[in-house]
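As provided, structure09.cif (mmCIF, C-alpha atoms) reads as follows.
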data_entry
#
loop_
_atom_site.label_atom_id
_atom_site.label_comp_id
_atom_site.auth_asym_id
_atom_site.auth_seq_id
_atom_site.Cartn_x
_atom_site.Cartn_y
_atom_site.Cartn_z
CA MET A 12 -0.67 -32.23 -23.47
CA ARG A 13 -0.38 -28.80 -25.04
CA ALA A 14 -3.40 -27.57 -23.07
CA GLY A 15 -1.82 -28.90 -19.88
CA CYS A 16 1.36 -26.94 -20.52
CA ARG A 17 -0.57 -23.74 -21.10
CA TRP A 18 -2.43 -24.25 -17.80
CA LEU A 19 0.80 -24.73 -15.89
CA LEU A 20 2.40 -21.68 -17.50
CA ALA A 21 -0.60 -19.60 -16.53
CA LEU A 22 -0.12 -20.83 -12.97
CA ALA A 23 3.62 -20.39 -12.77
CA GLY A 24 4.21 -17.50 -15.21
CA SER A 25 7.93 -17.26 -15.60
CA PHE A 26 8.65 -20.81 -14.36
CA SER A 27 11.26 -22.43 -16.53
CA ALA A 28 9.51 -25.31 -18.28
CA CYS A 29 6.39 -27.47 -18.59
CA HIS A 30 6.92 -31.10 -17.62
CA ARG A 31 4.77 -34.13 -18.13
CA GLY A 32 2.03 -34.59 -15.60
CA ALA A 33 -1.62 -35.34 -15.06
CA MET A 34 -3.67 -32.17 -14.70
CA PRO A 35 -7.35 -33.13 -14.54
CA PRO A 36 -10.09 -30.51 -14.28
CA ARG A 37 -10.40 -29.15 -10.76
CA PRO A 38 -13.73 -30.22 -9.20
CA ASP A 39 -15.11 -28.58 -6.08
CA GLY A 40 -12.87 -29.25 -3.10
CA ALA A 41 -10.63 -31.67 -5.01
CA ALA A 42 -6.84 -31.58 -4.94
CA VAL A 43 -4.93 -30.31 -7.95
CA VAL A 44 -1.93 -32.47 -8.87
CA ILE A 45 0.95 -30.96 -10.85
CA THR A 46 4.31 -32.50 -11.65
CA PRO A 47 7.04 -30.79 -9.55
CA GLU A 48 9.20 -28.21 -11.33
CA THR A 49 12.81 -27.20 -10.77
CA GLN A 50 13.90 -23.55 -11.07
CA ASP A 51 17.32 -22.04 -11.64
CA ASP A 52 17.95 -22.03 -7.87
CA GLY A 53 17.98 -25.85 -7.96
CA ILE A 54 15.06 -26.23 -5.54
CA ALA A 55 12.39 -28.69 -6.66
CA THR A 56 9.01 -26.94 -6.76
CA ILE A 57 5.96 -28.82 -5.54
CA PRO A 58 2.41 -27.76 -6.48
CA GLU A 59 -0.06 -26.05 -4.22
CA VAL A 60 -2.86 -28.44 -3.24
CA GLU A 61 -6.35 -27.04 -2.66
CA PRO A 62 -8.22 -26.73 -0.42
CA ASN A 63 -5.66 -25.01 1.83
CA ASN A 64 -7.51 -21.91 2.96
CA THR A 65 -7.75 -22.73 6.71
CA LEU A 66 -5.31 -23.69 9.46
CA THR A 67 -6.66 -27.23 9.62
CA ALA A 68 -6.37 -27.64 5.83
CA ALA A 69 -2.97 -25.94 5.54
CA GLN A 70 -0.58 -27.68 3.16
CA PRO A 71 2.54 -28.96 4.97
CA LEU A 72 5.98 -27.94 3.71
CA VAL A 73 9.00 -29.98 4.79
CA VAL A 74 11.97 -27.70 5.43
CA THR A 75 15.30 -28.60 7.03
CA ALA A 76 18.70 -26.94 7.30
CA THR A 77 19.87 -28.91 4.27
CA MET A 78 16.62 -29.07 2.31
CA PRO A 79 14.67 -25.92 1.42
CA ALA A 80 11.14 -26.12 0.06
CA ALA A 81 9.43 -24.40 -2.86
CA VAL A 82 5.80 -24.40 -3.87
CA ALA A 83 4.01 -23.09 -6.97
CA GLY A 84 0.61 -21.67 -6.12
CA ALA A 85 -2.05 -19.34 -7.41
CA ILE A 86 -4.48 -16.87 -5.88
CA ALA A 87 -7.78 -17.30 -7.69
CA ALA A 88 -9.90 -14.37 -8.78
CA GLY A 89 -13.06 -14.46 -6.68
CA ALA A 90 -13.90 -17.37 -4.42
CA PRO A 91 -12.20 -20.67 -5.33
CA ALA A 92 -14.19 -23.80 -6.07
CA GLY A 93 -16.23 -24.96 -3.10
CA GLN A 94 -16.04 -21.59 -1.34
CA THR A 95 -18.46 -18.65 -1.28
CA ALA A 96 -18.16 -14.94 -0.46
CA LYS A 97 -14.47 -15.18 0.49
CA ARG A 98 -11.32 -14.29 -1.36
CA ASP A 99 -8.82 -17.03 -2.00
CA VAL A 100 -6.01 -17.51 0.53
CA ASP A 101 -3.33 -20.19 0.67
CA LEU A 102 -1.90 -21.52 3.94
CA TYR A 103 1.22 -23.62 4.41
CA ARG A 104 2.26 -25.33 7.65
CA ILE A 105 5.89 -25.52 8.75
CA ASP A 106 6.83 -27.88 11.59
CA VAL A 107 10.06 -27.16 13.47
CA ALA A 108 11.55 -29.95 15.57
CA GLY A 109 12.69 -29.13 19.12
CA PRO A 110 14.49 -28.33 21.22
CA ASP A 111 15.29 -24.82 20.01
CA GLY A 112 17.46 -23.40 22.78
CA GLY A 113 15.38 -23.57 25.94
CA VAL A 114 12.50 -21.72 27.52
CA ALA A 115 12.01 -18.20 28.79
CA THR A 116 13.91 -17.28 31.96
CA ALA A 117 13.30 -14.47 34.43
CA ALA A 118 15.45 -11.35 34.19
CA GLY A 119 14.43 -9.33 37.24
CA ASP A 120 12.89 -5.91 36.58
CA ALA A 121 13.58 -6.23 32.87
CA GLY A 122 10.96 -8.98 32.55
CA PRO A 123 11.28 -12.33 30.82
CA VAL A 124 14.08 -12.92 28.37
CA ILE A 125 13.44 -15.43 25.58
CA PRO A 126 16.62 -17.15 24.44
CA ALA A 127 17.64 -16.89 20.84
CA PRO A 128 16.50 -19.69 18.53
CA ARG A 129 18.95 -22.10 16.97
CA SER A 130 17.61 -21.45 13.47
CA VAL A 131 15.93 -18.71 11.47
CA LEU A 132 13.60 -19.13 8.55
CA ARG A 133 13.54 -17.08 5.35
CA ALA A 134 10.44 -17.01 3.13
CA ASP A 135 10.63 -15.47 -0.38
CA LEU A 136 7.55 -14.97 -2.53
CA ARG A 137 7.76 -13.97 -6.19
CA PRO A 138 4.65 -13.34 -8.30
CA ALA A 139 4.62 -15.33 -11.54
CA ALA A 140 2.72 -12.59 -13.38
CA PRO A 141 2.80 -8.78 -13.09
CA GLY A 142 -0.79 -8.52 -11.86
CA LEU A 143 -0.48 -10.13 -8.43
CA ALA A 144 0.10 -7.75 -5.50
CA PRO A 145 1.02 -10.29 -2.81
CA THR A 146 0.82 -10.32 0.96
CA LEU A 147 2.85 -12.88 2.92
CA GLU A 148 1.95 -13.39 6.58
CA VAL A 149 3.36 -15.53 9.39
CA LEU A 150 0.80 -16.99 11.81
CA ASP A 151 1.36 -18.81 15.07
CA ALA A 152 -0.35 -22.09 15.96
CA THR A 153 -3.53 -20.24 17.00
CA GLY A 154 -3.74 -18.15 13.81
CA HIS A 155 -2.39 -14.94 15.37
CA THR A 156 -0.37 -12.82 12.93
CA LEU A 157 3.28 -12.52 13.92
CA ALA A 158 4.63 -10.67 10.87
CA ALA A 159 3.31 -9.53 7.50
CA ALA A 160 4.93 -8.25 4.29
CA SER A 161 3.00 -6.75 1.38
CA GLY A 162 4.11 -5.88 -2.12
CA GLN A 163 2.90 -3.92 -5.09
CA ALA A 164 1.71 -5.62 -8.26
CA GLY A 165 4.40 -7.97 -9.56
CA GLU A 166 6.81 -7.14 -6.70
CA ALA A 167 8.82 -9.86 -4.94
CA ILE A 168 8.57 -9.79 -1.14
CA ALA A 169 10.26 -11.66 1.69
CA ILE A 170 10.31 -12.26 5.43
CA PRO A 171 14.05 -12.80 5.81
CA ASN A 172 14.66 -13.67 9.47
CA LEU A 173 11.82 -15.39 11.30
CA ALA A 174 12.68 -17.17 14.54
CA ALA A 175 12.27 -20.91 13.89
CA ARG A 176 11.28 -22.21 17.32
CA ALA A 177 10.04 -25.68 18.08
CA GLY A 178 6.44 -26.22 17.07
CA SER A 179 4.20 -25.37 14.13
CA PHE A 180 3.55 -22.07 12.43
CA TYR A 181 1.93 -21.04 9.17
CA LEU A 182 2.65 -18.97 6.08
CA ARG A 183 -0.41 -17.36 4.52
CA VAL A 184 -0.44 -15.96 0.97
CA ARG A 185 -3.17 -13.67 -0.26
CA ALA A 186 -3.69 -10.84 -2.71
CA ALA A 187 -3.25 -7.35 -1.30
CA GLY A 188 -5.09 -5.69 -4.17
CA GLY A 189 -8.36 -7.63 -4.34
CA ASP A 190 -9.61 -9.87 -7.13
CA ALA A 191 -7.97 -7.80 -9.87
CA SER A 192 -4.53 -8.77 -8.61
CA ALA A 193 -5.03 -12.54 -8.66
CA GLY A 194 -2.37 -14.73 -10.24
CA GLY A 195 0.36 -17.31 -9.74
CA TYR A 196 3.38 -17.17 -7.44
CA ARG A 197 6.35 -19.19 -6.23
CA LEU A 198 7.11 -19.44 -2.50
CA VAL A 199 10.58 -20.57 -1.33
CA VAL A 200 11.32 -21.38 2.32
CA ARG A 201 14.81 -21.89 3.77
CA LEU A 202 16.27 -22.61 7.22
CA ALA A 203 19.65 -21.26 8.36
CA PRO A 204 21.59 -21.21 11.65
CA PHE A 205 20.96 -18.24 13.91
CA GLU A 206 23.79 -15.69 14.01
CA VAL A 207 24.67 -14.19 17.39
CA GLY A 208 23.71 -10.51 17.38
CA ALA A 209 21.20 -10.89 14.55
CA GLU A 210 17.72 -9.41 14.70
CA ILE A 211 14.91 -11.96 14.66
CA GLU A 212 11.25 -11.58 13.78
CA PRO A 213 8.70 -11.09 15.13
CA ASN A 214 9.96 -7.95 16.89
CA GLY A 215 7.54 -5.31 15.65
CA ASP A 216 6.48 -4.06 19.09
CA ALA A 217 7.70 -3.69 22.65
CA ALA A 218 6.32 -7.08 23.72
CA HIS A 219 8.47 -8.88 21.12
CA ALA A 220 11.60 -6.71 21.33
CA THR A 221 14.94 -8.35 20.56
CA GLU A 222 17.34 -8.24 23.51
CA LEU A 223 20.43 -6.05 22.98
CA ALA A 224 23.07 -4.96 25.49
CA PRO A 225 24.66 -1.49 25.55
CA GLY A 226 28.05 -1.84 23.90
CA GLY A 227 26.76 -4.70 21.77
CA GLU A 228 25.79 -4.65 18.12
CA ALA A 229 22.77 -5.85 16.18
CA VAL A 230 22.50 -6.76 12.51
CA GLY A 231 19.03 -6.70 11.02
CA TYR A 232 16.74 -6.27 8.04
CA LEU A 233 14.09 -3.73 7.19
CA GLY A 234 12.66 -6.45 5.01
CA TRP A 235 9.32 -4.98 3.88
CA ARG A 236 7.46 -1.69 3.65
CA HIS A 237 7.10 0.04 7.01
CA ASP A 238 8.91 -2.77 8.81
CA GLN A 239 9.99 -1.76 12.31
CA ASP A 240 12.38 -3.55 14.64
CA TRP A 241 12.24 -3.11 18.42
CA TYR A 242 15.25 -3.73 20.66
CA ARG A 243 15.29 -3.76 24.46
CA LEU A 244 18.40 -2.46 26.23
CA PRO A 245 18.65 -3.26 29.95
CA THR A 246 20.08 -0.35 31.97
CA ALA A 247 20.79 -2.16 35.25
CA GLY A 248 24.33 -1.50 36.44
CA LEU A 249 24.81 1.72 34.48
CA ALA A 250 26.23 4.68 36.40
CA GLU A 251 23.63 7.20 37.52
CA GLY A 252 23.23 10.02 35.03
CA SER A 253 24.45 7.94 32.08
CA VAL A 254 23.54 8.96 28.55
CA LEU A 255 22.89 6.66 25.62
CA SER A 256 24.01 7.11 22.02
CA VAL A 257 22.87 4.90 19.13
CA ASP A 258 24.45 4.71 15.67
CA LEU A 259 22.73 3.16 12.64
CA ASP A 260 24.73 2.59 9.45
CA PRO A 261 23.07 3.67 6.20
CA LEU A 262 20.94 1.32 4.10
CA PRO A 263 20.99 1.93 0.34
CA GLU A 264 17.57 2.83 -1.04
CA VAL A 265 15.95 2.91 2.43
CA SER A 266 15.11 5.99 4.51
CA VAL A 267 15.09 5.14 8.21
CA THR A 268 13.79 6.64 11.45
CA LEU A 269 15.65 5.78 14.67
CA GLN A 270 13.65 6.21 17.89
CA LEU A 271 14.25 5.78 21.60
CA TYR A 272 11.45 4.92 24.04
CA GLY A 273 11.39 4.67 27.81
CA ALA A 274 10.36 1.54 29.69
CA GLU A 275 6.71 2.62 29.58
CA ALA A 276 6.97 2.93 25.77
CA HIS A 277 6.87 6.76 25.83
CA LYS A 278 9.03 8.31 23.13
CA LEU A 279 12.15 10.11 24.30
CA THR A 280 13.64 11.27 21.00
CA GLU A 281 14.11 10.35 17.34
CA ASP A 282 16.22 11.06 14.27
CA ARG A 283 15.13 10.65 10.65
CA GLY A 284 17.37 9.99 7.69
CA ARG A 285 16.96 10.08 3.94
CA LYS A 286 17.76 7.15 1.66
CA GLY A 287 21.29 5.93 2.25
CA GLU A 288 21.90 8.28 5.21
CA ARG A 289 23.47 7.31 8.51
CA VAL A 290 21.19 8.01 11.50
CA VAL A 291 22.42 8.83 15.00
CA LEU A 292 20.91 9.49 18.44
CA ARG A 293 23.33 11.30 20.74
CA ASN A 294 23.55 11.77 24.49
CA VAL A 295 20.06 10.72 25.53
CA ARG A 296 19.54 10.87 29.28
CA ILE A 297 18.45 7.60 30.85
CA ALA A 298 15.96 7.95 33.68
CA PRO A 299 17.20 6.11 36.81
CA THR A 300 13.72 4.62 37.22
CA ASP A 301 13.81 2.92 33.79
CA PRO A 302 15.13 -0.69 34.06
CA PHE A 303 15.41 -0.76 30.29
CA VAL A 304 14.80 1.36 27.20
CA PHE A 305 13.67 0.50 23.68
CA VAL A 306 15.47 1.34 20.46
CA VAL A 307 13.26 1.23 17.35
CA VAL A 308 14.50 1.07 13.76
CA ARG A 309 11.72 1.88 11.27
CA ALA A 310 11.60 1.85 7.46
CA ASP A 311 9.94 5.04 6.22
CA VAL A 312 10.55 4.76 2.47
CA GLY A 313 11.84 1.64 0.74
CA PHE A 314 12.88 -1.73 2.13
CA SER A 315 15.49 -4.42 1.55
CA ALA A 316 15.37 -8.14 2.29
CA GLU A 317 18.99 -8.44 1.09
CA ALA A 318 20.97 -5.57 2.65
CA ARG A 319 21.36 -5.59 6.44
CA TYR A 320 21.87 -2.66 8.79
CA ASN A 321 24.26 -2.43 11.74
CA LEU A 322 22.96 -0.92 14.99
CA ARG A 323 25.40 0.08 17.75
CA PRO A 324 24.29 1.44 21.16
CA ARG A 325 26.78 2.75 23.70
CA THR A 326 26.53 4.44 27.09
CA ASP A 327 28.74 7.12 28.66
CA LEU A 328 28.67 9.64 31.44
CA PRO A 329 27.65 13.06 30.10
CA LYS A 330 30.45 15.46 29.19
CA ALA A 331 30.35 19.01 30.46
CA GLY A 332 29.26 21.51 27.86
CA THR A 333 27.30 19.09 25.68
CA GLU A 334 23.61 18.96 24.82
CA ALA A 335 21.61 16.05 26.22
CA GLU A 336 18.34 14.69 24.84
CA PRO A 337 15.43 14.64 25.30
CA ASN A 338 15.16 18.45 25.18
CA ASP A 339 12.56 18.83 22.41
CA ASP A 340 10.06 20.96 24.36
CA GLN A 341 9.88 23.45 27.21
CA ALA A 342 9.10 20.78 29.78
CA HIS A 343 12.40 19.05 29.02
CA ALA A 344 14.56 22.14 28.45
CA GLN A 345 18.17 21.50 29.44
CA PRO A 346 19.48 23.83 32.19
CA ILE A 347 22.65 25.68 31.15
CA GLY A 348 24.75 28.57 32.43
CA GLU A 349 27.12 31.00 30.81
CA GLY A 350 29.65 29.50 28.45
CA THR A 351 29.45 27.30 25.36
CA VAL A 352 27.31 24.22 24.79
CA ILE A 353 27.91 21.85 21.87
CA GLY A 354 24.74 20.40 20.37
CA TYR A 355 23.51 18.39 17.40
CA LEU A 356 20.39 18.89 15.30
CA ALA A 357 18.75 15.90 13.67
CA ARG A 358 16.25 16.35 10.83
CA GLY A 359 13.13 17.92 12.34
CA ASP A 360 14.86 18.32 15.71
CA VAL A 361 14.27 21.17 18.19
CA ASP A 362 16.56 21.87 21.16
CA PHE A 363 15.38 23.81 24.23
CA PHE A 364 17.68 25.24 26.92
CA ARG A 365 16.82 27.05 30.17
CA TYR A 366 18.97 29.90 31.51
CA SER A 367 18.32 31.64 34.84
CA SER A 368 19.57 34.96 36.18
CA ASP A 369 19.36 36.35 39.70
CA GLY A 370 17.92 39.68 38.52
CA MET A 371 17.57 41.95 35.51
CA ALA A 372 20.41 41.30 33.09
CA LEU A 373 21.57 41.80 29.53
CA LEU A 374 22.05 38.52 27.72
CA ASP A 375 24.11 37.82 24.61
CA VAL A 376 23.21 34.68 22.67
CA GLU A 377 25.32 33.39 19.78
CA VAL A 378 24.77 30.17 17.83
CA THR A 379 27.46 29.07 15.39
CA PRO A 380 25.73 26.71 12.95
CA PRO A 381 27.02 23.42 11.57
CA GLU A 382 29.53 23.96 8.80
CA ARG A 383 27.09 23.28 5.96
CA GLY A 384 23.78 24.17 7.61
CA GLY A 385 21.92 27.05 9.16
CA VAL A 386 20.15 27.64 12.46
CA GLU A 387 17.52 29.88 13.99
CA VAL A 388 17.47 30.83 17.67
CA GLU A 389 14.62 32.26 19.76
CA LEU A 390 14.71 33.75 23.24
CA THR A 391 11.41 33.59 25.15
CA ARG A 392 9.94 33.89 28.59
CA GLU A 393 8.55 30.75 30.22
CA ASP A 394 5.05 31.83 29.13
CA SER A 395 6.34 31.66 25.50
CA THR A 396 6.43 35.46 25.08
CA LEU A 397 9.00 36.13 22.38
CA LEU A 398 11.87 38.40 23.45
CA ALA A 399 14.14 38.10 20.39
CA ARG A 400 14.83 35.96 17.37
CA ALA A 401 17.87 35.57 15.11
CA ALA A 402 18.98 33.44 12.17
CA SER A 403 22.44 32.59 10.90
CA SER A 404 23.62 33.66 7.48
CA ARG A 405 26.22 32.23 5.16
CA HIS A 406 28.91 34.40 6.73
CA ALA A 407 27.77 34.94 10.33
CA PRO A 408 26.32 33.03 13.27
CA ALA A 409 22.90 33.81 14.71
CA ARG A 410 23.30 36.57 17.34
CA ILE A 411 21.03 38.17 19.90
CA ALA A 412 23.03 40.97 21.52
CA GLY A 413 22.30 42.77 24.78
CA GLN A 414 18.76 41.50 25.25
CA SER A 415 17.21 42.65 28.50
CA ILE A 416 15.85 39.71 30.49
CA PRO A 417 13.98 39.63 33.81
CA GLY A 418 15.25 37.79 36.82
CA GLY A 419 14.52 34.08 36.74
CA PRO A 420 14.45 31.61 33.87
CA VAL A 421 14.26 32.26 30.13
CA LEU A 422 14.20 29.72 27.31
CA ILE A 423 16.51 29.42 24.30
CA ARG A 424 15.16 27.45 21.32
CA VAL A 425 17.48 26.26 18.52
CA VAL A 426 16.16 24.77 15.27
CA PRO A 427 17.73 23.90 11.89
CA ARG A 428 17.04 26.53 9.22
CA HIS A 429 18.45 25.32 5.91
CA GLY A 430 21.11 23.13 4.38
CA PRO A 431 21.87 19.42 4.81
CA ILE A 432 21.77 17.68 8.16
CA ASP A 433 25.10 16.14 9.20
CA SER A 434 24.84 14.00 12.32
CA ASP A 435 28.57 14.52 13.01
CA ASP A 436 28.58 18.31 12.52
CA PRO A 437 27.66 20.21 15.73
CA TYR A 438 26.47 23.71 16.45
CA ARG A 439 27.83 25.86 19.30
CA LEU A 440 25.58 27.86 21.61
CA THR A 441 27.38 30.56 23.65
CA LEU A 442 25.74 32.63 26.42
CA THR A 443 27.22 35.66 28.18
CA SER A 444 25.46 38.13 30.45
CA ARG A 445 26.08 41.32 32.40
CA PRO A 446 24.00 43.23 34.92
CA ALA A 447 21.35 45.50 33.51
CA PRO A 448 22.10 49.26 33.97
CA GLY A 449 20.61 51.01 36.98
CA PRO A 450 18.70 54.31 37.16
CA GLY A 451 20.55 57.09 35.35
CA ASP A 452 22.70 54.67 33.37
CA PRO A 453 22.46 54.58 29.57
CA PRO A 454 19.46 52.54 28.43
CA PRO A 455 20.17 48.91 27.70
CA HIS A 456 20.39 47.58 24.20
CA SER A 457 16.95 46.40 23.20
CA GLY A 458 18.32 43.27 21.57
CA THR A 459 19.64 42.91 18.04
CA THR A 460 19.36 40.06 15.64
CA GLU A 461 21.51 39.07 12.75
#

Do you think you could lay out the structure here as structure tokens?
Amino acid sequence: MRAGCRWLLALAGSFSACHRGAMPPRPDGAAVVITPETQDDGIATIPEVEPNNTLTAAQPLVVTATMPAAVAGAIAAGAPAGQTAKRDVDLYRIDVAGPDGGVATAAGDAGPVIPAPRSVLRADLRPAAPGLAPTLEVLDATGHTLAAASGQAGEAIAIPNLAARAGSFYLRVRAAGGDASAGGYRLVVRLAPFEVGAEIEPNGDAAHATELAPGGEAVGYLGWRHDQDWYRLPTAGLAEGSVLSVDLDPLPEVSVTLQLYGAEAHKLTEDRGRKGERVVLRNVRIAPTDPFVFVVVRADVGFSAEARYNLRPRTDLPKAGTEAEPNDDQAHAQPIGEGTVIGYLARGDVDFFRYSSDGMALLDVEVTPPERGGVEVELTREDSTLLARAASSRHAPARIAGQSIPGGPVLIRVVPRHGPIDSDDPYRLTLTSRPAPGPGDPPPHSGTTE
């Protein structure tokens, strides 16, 4: 009996107790039988039964809205008994009864819309010993990977919000770090009702994007390292020339990138935040030919299967005197005239503007930076020839005064220089011009920078 307890503890690590049970030696291909355990969460833990390394041999887990399931398993070092030249993997089959809310329906130019499921599934995996670096994958009925979460040695991982649609799917557990990271684990699976407005996995690419309407709100998880969530926003019915803004509330201990893609999955713009920072996209022009756009939320550093983010898109008509994205390169430079333009600089952002004059002129450029940051401004020809450059200081804006410019377009480039990035703190770009002096007049100012 004592030897049996030691074997079970080696399998389950920190599991609470060793109970009576028959634990015969494990012959090739034979099932291992272990008395179920109960953990502090009150969920009875059944044993893993080998062989379960293929879809056809996957061990079934019975999960309902009122009855979660837990299993104690182990990833063997090297090939398990009866197998050769392959690392150990464990597969578990979950059967979801139908119906689950209907079938896909057509949505015009926006493509098919899949209705939300009635339930979502959460799978939590905790290594029983510090050596196991686990990977938890979700497979469809054909073995195609829908979602995957990986952890470091001894790290608990989860897939917190998988769509539980009618049919069968599989959970696969394997070691991410090779044979050296083998060891025991406990896998807990729960079902819960779907919440309206909640993100559902899989949605890691454009083909599986979660539907979200402008003016709506989504609540989601960045549940594992480098998790990314795609949302599709239909634009039908929006006024021509509308701009889109997207606000993402901060997630503690997670740094996030927020991106916007066109219907052809070409990136329009992005904003990056540090851990715990709010991230915002402002005034992004929507092409009239795009029936929808994609918003992508991506975990850069850190993850959380417990804390959820809030994502809020909204559309407006552009306001006069405001910057509009995308304007990150010369090809997308925003046309402006004399006067003041209010703009915002995200981390790593660059804003281009195009100004045109009818003939030779003297141009004054002034950029008042955000309250706690700094900016640099460049004035160039369309062939990128530099005409003047200026940077703000602690006490003064960036100024280019009396710069002679030829007739036609020139480009103004504004970039952040130093200091923190505040998504609510704008800069102000002011342009004024006057005709260049004629023959016999005093020579024009050659352009000054401060």

Inset, instruction - Would you write out, as a ChimeraX atom specification, every residue that the PyMOL selection byres ((chain A and resi 255) around 6) captures in this file? - result: /A:254,256,294-295,325-326

Legend entry - Near-segment 195-212 of chain A list (8 Å; only C-alpha atoms; drop same-chain fewer than 4 positions) as a VMD selection string: chain A and resid 21 to 24 74 to 86 127 to 140 143 158 172 to 175 221 223 227 to 232 240

Let me see the file: selected residues, C-alpha atoms, as a short mmCIF file (atom, residue, chain, number, x, y, z; two decimals), keeping the file's coordinate frame.
data_model
loop_
_atom_site.label_atom_id
_atom_site.label_comp_id
_atom_site.auth_asym_id
_atom_site.auth_seq_id
_atom_site.Cartn_x
_atom_site.Cartn_y
_atom_site.Cartn_z
CA ALA A 21 -0.60 -19.60 -16.53
CA LEU A 22 -0.12 -20.83 -12.97
CA ALA A 23 3.62 -20.39 -12.77
CA GLY A 24 4.21 -17.50 -15.21
CA VAL A 74 11.97 -27.70 5.43
CA THR A 75 15.30 -28.60 7.03
CA ALA A 76 18.70 -26.94 7.30
CA THR A 77 19.87 -28.91 4.27
CA MET A 78 16.62 -29.07 2.31
CA PRO A 79 14.67 -25.92 1.42
CA ALA A 80 11.14 -26.12 0.06
CA ALA A 81 9.43 -24.40 -2.86
CA VAL A 82 5.80 -24.40 -3.87
CA ALA A 83 4.01 -23.09 -6.97
CA GLY A 84 0.61 -21.67 -6.12
CA ALA A 85 -2.05 -19.34 -7.41
CA ILE A 86 -4.48 -16.87 -5.88
CA ALA A 127 17.64 -16.89 20.84
CA PRO A 128 16.50 -19.69 18.53
CA ARG A 129 18.95 -22.10 16.97
CA SER A 130 17.61 -21.45 13.47
CA VAL A 131 15.93 -18.71 11.47
CA LEU A 132 13.60 -19.13 8.55
CA ARG A 133 13.54 -17.08 5.35
CA ALA A 134 10.44 -17.01 3.13
CA ASP A 135 10.63 -15.47 -0.38
CA LEU A 136 7.55 -14.97 -2.53
CA ARG A 137 7.76 -13.97 -6.19
CA PRO A 138 4.65 -13.34 -8.30
CA ALA A 139 4.62 -15.33 -11.54
CA ALA A 140 2.72 -12.59 -13.38
CA LEU A 143 -0.48 -10.13 -8.43
CA ALA A 158 4.63 -10.67 10.87
CA ASN A 172 14.66 -13.67 9.47
CA LEU A 173 11.82 -15.39 11.30
CA ALA A 174 12.68 -17.17 14.54
CA ALA A 175 12.27 -20.91 13.89
CA THR A 221 14.94 -8.35 20.56
CA LEU A 223 20.43 -6.05 22.98
CA GLY A 227 26.76 -4.70 21.77
CA GLU A 228 25.79 -4.65 18.12
CA ALA A 229 22.77 -5.85 16.18
CA VAL A 230 22.50 -6.76 12.51
CA GLY A 231 19.03 -6.70 11.02
CA TYR A 232 16.74 -6.27 8.04
CA ASP A 240 12.38 -3.55 14.64
#

Inset, instruction - Using the chain letters and numbering of this document, enumerate as a PyMOL selection string the residues selected by the PyMOL selection byres ((chain A and resi 184) around 12). - result: chain A and resi 59+63-65+69-70+82-87+98-104+134-138+143-150+159-162+168-169+181-183+185-187+193-198

Inset, instruction - Please indicate the distance in Å from atom CA of Val306 of chain A to atom CA of Pro261 of chain A, rounded to one decimal place. - result: 16.3 Å

Legend entry - Close residues, segment 358-368 of chain A itself excluded, 7 Å, all atoms listed in the file, min 6 positions apart in chain, as a PyMOL selection string: chain A and resi 282-283+338-341+344-348+418-426+432

Write to file, as a short mmCIF file (atom, residue, chain, number, x, y, z; two decimals), in the frame of the given file, the residues of the selection just made, with C-alpha atoms.
data_model
loop_
_atom_site.label_atom_id
_atom_site.label_comp_id
_atom_site.auth_asym_id
_atom_site.auth_seq_id
_atom_site.Cartn_x
_atom_site.Cartn_y
_atom_site.Cartn_z
CA ASP A 282 16.22 11.06 14.27
CA ARG A 283 15.13 10.65 10.65
CA ASN A 338 15.16 18.45 25.18
CA ASP A 339 12.56 18.83 22.41
CA ASP A 340 10.06 20.96 24.36
CA GLN A 341 9.88 23.45 27.21
CA ALA A 344 14.56 22.14 28.45
CA GLN A 345 18.17 21.50 29.44
CA PRO A 346 19.48 23.83 32.19
CA ILE A 347 22.65 25.68 31.15
CA GLY A 348 24.75 28.57 32.43
CA GLY A 418 15.25 37.79 36.82
CA GLY A 419 14.52 34.08 36.74
CA PRO A 420 14.45 31.61 33.87
CA VAL A 421 14.26 32.26 30.13
CA LEU A 422 14.20 29.72 27.31
CA ILE A 423 16.51 29.42 24.30
CA ARG A 424 15.16 27.45 21.32
CA VAL A 425 17.48 26.26 18.52
CA VAL A 426 16.16 24.77 15.27
CA ILE A 432 21.77 17.68 8.16
#

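Matched in the shown structure by the PyMOL selection byres ((chain A and resi 242) around 6): Ala220, Thr221, Glu222, Trp241, Arg243, Phe305 and Val306 of chain A.
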
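For the set A:Ala68, A:Leu356, A:Val73, A:Leu328, the residue with the smallest atom-to-atom gap to Thr56 of chain A is A:Val73, counting only C-alpha atoms.
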
Legend entry - Distance of atom CA of Pro381 of chain A from atom CA of Arg445 of chain A, expressed in Å to one decimal place: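 A separation of 27.5 Å between them.
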
Please tabulate, as a tab-separated table, the residues of segment 126-225 of chain A that come within 12 Å of segment 275-278 of chain A, each with its closest pair of atoms and the distance in Å to one decimal, counting only C-alpha atoms and ordering rows by chain, then residue number upward.
residue	atom	partner	partner_atom	distance
A:Asp216	CA	A:Ala276	CA	9.7
A:Ala217	CA	A:Ala276	CA	7.4
A:Ala218	CA	A:Ala276	CA	10.2
A:Ala220	CA	A:Ala276	CA	11.6

Inset, instruction - Record the distance separating atom CA of Pro263 of chain A and atom CA of Arg236 of chain A, expressed in Å with one decimal. - result: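 About the pair atom CA of Pro263 of chain A and atom CA of Arg236 of chain A: they are 14.4 Å apart.
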
Inset, instruction - Counting all atoms listed in the file, figure out which residue out of A:Asp301, A:Asp52, A:Asp375, A:Glu61 gets nearest to Ser444 of chain A. - result: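 Nearest candidate to Ser444 of chain A out of A:Asp301, A:Asp52, A:Asp375, A:Glu61: A:Asp375.
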